[in-house]
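J.: What follows is a structure written as structure tokens; I'll ask about it next.
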Amino acid sequence: QSALTQPASVSGSPGQSITISCTGTSSDVGGSNYVSWYQQHPGKAPKVMIYDVSNRPSGVSYRFSGSKFGNTASLTISGLQPEDEAVYFCASYTSSSTLYVFGTGTKVTVL
Amino acid sequence: QVQLQESGPGLVKPSQTLSLTCTVSGGSISSGSHYWTWIRQPAGKGLEWIGRIYTSGSINYNPSLKSRVAISVDTFKNQFFLKLSSVTAADTAVYYCASLPFGDYEFDYWGQGTLVTVSS
């Protein structure tokens, strides 16, 4: 099971919107309703931002949204803020015995 | 709020066994509410799911590591463990423990991670 593909970096100015893609296959992202997104600041534990493709956990800002089309899931951050600068990675439950596969991670920079 | 903290040697020699502990606080590991999971990230690479354990004894491993990995739990100490045998430099990574709510599919709490280097 190969890692999900994400862009290495995405940047934007404060207030702008950015979208991070997460591309897999029909065995994972394309065939799963269970794609999640995580935010990780340096030296900190990852934090779940989106689960089940598009659901936000309690306490996560409405500025974070998720979607999926085919084998690609996406995380959109609207109204970009300095505190959004972090690494974001996706994860998908799979139909194989490798139950979970993760994305390669995207560094978000707020210009 | 549940907190997880990894601990263990930061340096392991090739061919030896890597052993890590995850201590859970703020919740009972025996409550049956979560799977307890290990994940790792080699430098410059993506995350890799290693395996998970449920307190019923149900365990799932990544097939690519299954022959070398063992995950166990100590409900009295509120800890769970990772053992990875016959390590090589390729096993050098940051190792994370995480919790996965039973019936859900996202990892709700993570430890901060611990770097394990395999080197002689």
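Simple scheme: letters A, B, ... for chains in structure tokens order, numbers from 1 for residues in each chain, numbers from 1 for ligands in the order shown.
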Identify, on the basis of only C-alpha atoms, every residue whose closest approach to Ser86 of chain B does not exceed 6 Å; exclude the query and any residue fewer than 4 positions from it along the same chain; express the result as a PyMOL selection string.

T.: chain B and resi 15-17

J.: Residues of chain B within 12 Å of chain A, using only C-alpha atoms, as a ChimeraX atom specification?

T.: /B:3-6,37-52,59-66,94-101,103-115

J.: Would you return as a compact mmCIF listing (two decimals) with C-alpha atoms, in the first residue's frame the members of chain A that DSSP assigns to helix (DSSP H, G or I) on this structure's backbone?

T.:
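The resulting file, part.txt, is reproduced below:
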# COMPACT_ATOMS: atom_id res chain seq x y z
CA VAL A 29 -9.33 7.37 -0.74
CA GLY A 30 -11.58 6.54 -3.69
CA GLY A 31 -13.25 3.65 -1.95
CA PRO A 82 -0.81 32.92 10.93
CA GLU A 83 -1.60 30.13 13.39
CA ASP A 84 -2.59 27.90 10.48

J.: Go through A:Ser61, A:Ser32, A:Thr94, A:His41 and flag the residue nearest Ser78 of chain A, using only C-alpha atoms for the distances.

T.: A:Ser61

J.: Please run DSSP on the backbone and report, as a ChimeraX atom specification, all residues within chain A that come out as strand (DSSP E or B).

T.: /A:4-5,9-12,18-23,35-40,47-51,55,64-69,72-77,86-93,100-103,106-110

J.: Would you list the contacts of Val118 of chain B as a PyMOL selection string, taking every protein, DNA or RNA residue within 6 Å and counting only C-alpha atoms, but skipping same-chain residues closer than 5 positions in sequence?

T.: chain B and resi 11-14+89+92
